[in-house]
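Encoded as C-alpha cells, the structure appears first; notes follow it.
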Amino acid sequence: MSAGFKYNIEPEPSIEERYDVSTGVRRRGPYKLDTTNLVVGSFLPSFTPIAADLVKKTAQVAIRVEVYEKYTTGSNTTLKIKKNSLAYAGMHIGNGAHGATISSIDKTDKVFDKLTLGADFGVTLEAGTILYEATATDGTTPKVIANSALYERKQVENGIVLVALLMRAFEIEPTKLAMPFSDIDKANMPHFQFNALDATQVGQTLSVAKASSSQDGLMSKEDKAKLDGIASQANKFTLSAATSSALGGVKQGGKVDDATGQEDAHTKLNALLASLRTAGVIASK
C-alpha cells in the first residue's frame, strides 16, 4: 500500500447463521422499497420482515417492536423496547386488542430504547411481547403483514432503493434475528419455518406473554385462580323429581295391558294407577 493513503471502509458485520441457507429461495427480480419513515443512511439487516406486493414488485418494511421490560398498565405512558427497532415518533403500535401512539423515542440508554406513548396502552405487556405498526391508535389492525424477508443487508438511500427478498426459509432462529416477526406475520408465511425458542439457551431469557383473546400464551395467575374456584362437576345437572307444585323428571310407566271386558276394567285401572305412581307421574297414596 502506498504511503499517504488511508482507507476508512466500514466492514460488513459478522452475522450468525439465522436460518438454514440451503433452504432459502429468493423471489424473482428486485423489489422497489418504500423508504417512508426510514432513516436515510441507515442499514436494514438481513431477514427484516417485508410485506411485498408480488404484482407491483414493491416492498414495505413490516415494522415490529419487542417489549424489553414488563409494562404495567394504569396511567403509564413509558414503554421500554429492544434497541435498533425501526419505530418512529407518530407511529401507532398495537397487539390486536389495544394500542397507543408513540409521542417520542429516547435512545440514550445503551440497553433499551424508551418510548413515550400518547396514552396508556390499555393492557399489561410481558417482556418479549411483539407489537406491530398499526393503522390507528386503537392498535386493532396492522398497517402491513409480512409475507417475505429481506435477503441481504441494505442501506436506505435517497431515491429508488431496490431490494432482494426471500420467499422461503427453514430452521429460522428467532433469537438471532435483528428484527422480530409477529405471530400474524408467521401465520401469513407458510413457506417459512420458525424454530421454537430453546429455554436452555445459554445467556437467553425466555419470556412468553400471557394468553389473551387474540393470541396464545401463558395462563395468568388470575385466570388460574378462577379455574381453581370452579367446583368439581360444577356443570353437572341433576333433574329433580316432579311434585304437585314443581316440574321435574319422571320415568316411563310400566306396561298395562288393555282390559278384555267390563269385569277386567277395575283390575286394569288399578294396575295403571300403580304404574303411574311408580313412574312419578302422580303422587303416591
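By convention in this document, the chains of the C-alpha cells carry letters A, B, ... by their order, each chain's residues are numbered from 1, and ligands are numbered from 1 in the order they are shown.
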* To do: Excluding A:Gly159 and any residue of its chain fewer than 5 positions from it, enumerate the residues within 12 Å of it, using only C-alpha atoms, and give them as a list in words.
  => Lys32, Leu33, Asp34, Thr35, Thr36, Val40 and Gly41 of chain A
Set the distance at 9 Å and use only C-alpha atoms: which residues neighbour A:Glu17 once local chain neighbours fewer than 3 positions away are removed? I'd like the list as a PDB file with C-alpha atoms, in the first residue's frame.
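Wrote selection.pdb, looks like this:
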```pdb
ATOM      1  CA  ASP A  20     -30.629 -22.919   7.027  1.00  0.00           C
ATOM      2  CA  VAL A  21     -29.280 -21.085   3.979  1.00  0.00           C
ATOM      3  CA  ILE A 172     -35.124 -19.899  11.351  1.00  0.00           C
ATOM      4  CA  GLU A 173     -33.643 -18.963  14.747  1.00  0.00           C
ATOM      5  CA  LYS A 176     -30.754 -14.449  16.158  1.00  0.00           C
TER       6      LYS A 176
END
```
* Which one is closest to A:Ser85: A:Val65, A:Val123, A:Leu269, A:Ile102? Count only C-alpha atoms. ->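 Checking each of A:Val65, A:Val123, A:Leu269, A:Ile102 against A:Ser85, counting only C-alpha atoms, the winner is A:Val65.
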* Find the residue from A:Arg168, A:Lys186, A:His191, A:Arg153 that sits nearest to A:Phe47; use only C-alpha atoms when measuring. =>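 The closest residue to A:Phe47 is A:Arg153.
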* Between A:Gly74, A:Pro49, A:Gly253, A:Gly229, which has the minimum distance to A:Val144 (counting only C-alpha atoms)? ->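 The answer is A:Pro49, which sits nearest to A:Val144.
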* Residue set, stretch 102-212 of chain A restricted to strand (DSSP E), as a ChimeraX atom specification -> /A:102-106,112-117,130-134,148-150,154-155,162-163,165-172,192-194
Write out, as a compact mmCIF listing (two decimals), in the first residue's frame, the residues just selected, with N, CA, C and O atoms.
```
# COMPACT_ATOMS: atom_id res chain seq x y z
N ILE A 102 -46.91 6.53 19.49
CA ILE A 102 -45.60 6.92 20.02
C ILE A 102 -45.44 8.43 19.89
O ILE A 102 -45.48 8.97 18.78
N SER A 103 -45.25 9.09 21.02
CA SER A 103 -45.05 10.54 21.01
C SER A 103 -43.58 10.89 20.78
O SER A 103 -43.26 11.83 20.05
N SER A 104 -42.68 10.13 21.43
CA SER A 104 -41.25 10.39 21.27
C SER A 104 -40.48 9.13 21.64
O SER A 104 -41.01 8.21 22.26
N ILE A 105 -39.19 9.11 21.22
CA ILE A 105 -38.32 7.95 21.49
C ILE A 105 -37.01 8.45 22.09
O ILE A 105 -36.34 9.33 21.52
N ASP A 106 -36.64 7.88 23.23
CA ASP A 106 -35.37 8.20 23.89
C ASP A 106 -34.41 7.04 23.67
O ASP A 106 -34.66 5.92 24.15
N PHE A 112 -31.68 -0.32 26.11
CA PHE A 112 -33.03 -0.31 25.57
C PHE A 112 -33.38 1.09 25.06
O PHE A 112 -32.69 2.06 25.38
N ASP A 113 -34.43 1.17 24.27
CA ASP A 113 -35.00 2.45 23.86
C ASP A 113 -36.28 2.68 24.65
O ASP A 113 -37.00 1.72 24.97
N LYS A 114 -36.56 3.91 24.98
CA LYS A 114 -37.73 4.21 25.80
C LYS A 114 -38.73 5.01 24.98
O LYS A 114 -38.43 6.10 24.49
N LEU A 115 -39.93 4.43 24.82
CA LEU A 115 -40.99 5.10 24.09
C LEU A 115 -41.86 5.88 25.06
O LEU A 115 -42.20 5.38 26.14
N THR A 116 -42.21 7.10 24.70
CA THR A 116 -43.24 7.86 25.41
C THR A 116 -44.51 7.76 24.58
O THR A 116 -44.52 8.15 23.40
N LEU A 117 -45.56 7.22 25.17
CA LEU A 117 -46.81 6.99 24.47
C LEU A 117 -47.77 8.15 24.70
O LEU A 117 -47.72 8.83 25.72
N ILE A 130 -44.26 -9.02 21.11
CA ILE A 130 -44.01 -8.34 19.85
C ILE A 130 -45.23 -7.51 19.48
O ILE A 130 -46.35 -8.03 19.39
N LEU A 131 -45.03 -6.22 19.29
CA LEU A 131 -46.10 -5.32 18.87
C LEU A 131 -45.85 -4.90 17.42
O LEU A 131 -44.71 -4.82 16.98
N TYR A 132 -46.94 -4.65 16.68
CA TYR A 132 -46.79 -4.28 15.28
C TYR A 132 -47.18 -2.83 15.03
O TYR A 132 -47.88 -2.21 15.82
N GLU A 133 -46.70 -2.29 13.91
CA GLU A 133 -47.15 -0.96 13.48
C GLU A 133 -48.60 -1.07 13.05
O GLU A 133 -48.95 -1.93 12.23
N ALA A 134 -49.46 -0.24 13.64
CA ALA A 134 -50.90 -0.32 13.39
C ALA A 134 -51.37 0.85 12.53
O ALA A 134 -50.66 1.84 12.35
N SER A 148 -42.63 -11.95 3.32
CA SER A 148 -41.28 -12.20 2.83
C SER A 148 -40.28 -11.72 3.87
O SER A 148 -40.65 -11.17 4.91
N ALA A 149 -39.00 -11.93 3.58
CA ALA A 149 -37.93 -11.43 4.43
C ALA A 149 -36.84 -10.83 3.53
O ALA A 149 -36.64 -11.28 2.39
N LEU A 150 -36.17 -9.80 4.03
CA LEU A 150 -35.09 -9.17 3.28
C LEU A 150 -33.95 -10.17 3.10
O LEU A 150 -33.50 -10.78 4.07
N LYS A 154 -29.24 -4.04 3.55
CA LYS A 154 -29.44 -3.00 2.55
C LYS A 154 -29.42 -1.62 3.19
O LYS A 154 -30.03 -1.40 4.24
N GLN A 155 -28.75 -0.68 2.54
CA GLN A 155 -28.70 0.69 3.04
C GLN A 155 -29.85 1.49 2.46
O GLN A 155 -30.18 1.38 1.28
N LEU A 162 -33.66 -0.62 -4.46
CA LEU A 162 -34.11 -1.94 -4.90
C LEU A 162 -33.56 -3.01 -3.95
O LEU A 162 -32.39 -2.96 -3.55
N VAL A 163 -34.43 -3.96 -3.59
CA VAL A 163 -34.02 -5.00 -2.63
C VAL A 163 -34.36 -6.38 -3.17
O VAL A 163 -35.25 -6.54 -4.02
N LEU A 165 -35.57 -10.27 -2.03
CA LEU A 165 -36.39 -10.83 -0.97
C LEU A 165 -36.35 -12.35 -0.96
O LEU A 165 -36.16 -12.99 -2.00
N LEU A 166 -36.53 -12.90 0.22
CA LEU A 166 -36.68 -14.34 0.38
C LEU A 166 -38.15 -14.71 0.36
O LEU A 166 -38.99 -14.03 0.96
N MET A 167 -38.47 -15.82 -0.32
CA MET A 167 -39.84 -16.33 -0.32
C MET A 167 -39.96 -17.63 0.47
O MET A 167 -41.06 -18.11 0.71
N ARG A 168 -38.80 -18.20 0.88
CA ARG A 168 -38.82 -19.44 1.66
C ARG A 168 -37.56 -19.56 2.47
O ARG A 168 -36.47 -19.18 2.01
N ALA A 169 -37.69 -20.09 3.69
CA ALA A 169 -36.52 -20.38 4.53
C ALA A 169 -36.96 -21.28 5.68
O ALA A 169 -38.05 -21.11 6.23
N PHE A 170 -36.11 -22.24 6.03
CA PHE A 170 -36.41 -23.17 7.12
C PHE A 170 -35.39 -23.01 8.24
O PHE A 170 -34.34 -22.41 8.08
N GLU A 171 -35.72 -23.60 9.38
CA GLU A 171 -34.82 -23.61 10.56
C GLU A 171 -34.42 -22.20 10.96
O GLU A 171 -33.26 -21.93 11.28
N ILE A 172 -35.39 -21.30 10.98
CA ILE A 172 -35.12 -19.90 11.35
C ILE A 172 -34.96 -19.81 12.86
O ILE A 172 -35.79 -20.32 13.62
N PHE A 192 -42.11 -20.38 5.49
CA PHE A 192 -41.04 -20.06 6.43
C PHE A 192 -41.26 -20.90 7.69
O PHE A 192 -42.38 -20.96 8.22
N GLN A 193 -40.22 -21.54 8.16
CA GLN A 193 -40.31 -22.39 9.34
C GLN A 193 -39.48 -21.77 10.46
O GLN A 193 -38.26 -21.73 10.40
N PHE A 194 -40.18 -21.29 11.50
CA PHE A 194 -39.51 -20.68 12.65
C PHE A 194 -39.31 -21.73 13.75
O PHE A 194 -40.26 -22.40 14.14
```
* Pairwise distance for atom CA of A:Asp138 and atom CA of A:Asn95, rounded to one decimal in Å ->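 Between atom CA of A:Asp138 and atom CA of A:Asn95 the gap works out to 9.2 Å.
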* To do: Choose the residue, out of A:Lys268, A:Lys224, A:His92, A:Arg27, that has the smallest atom-to-atom separation from A:Lys57; count only C-alpha atoms.
  =>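 The answer is A:Arg27, which sits nearest to A:Lys57.
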* **Given only C-alpha atoms as the counted atoms, nearest of A:Leu54, A:Ala62, A:Val281, A:Ala274 to A:Ser182** =>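 Ranked by minimum distance to A:Ser182, first place goes to A:Ala62.
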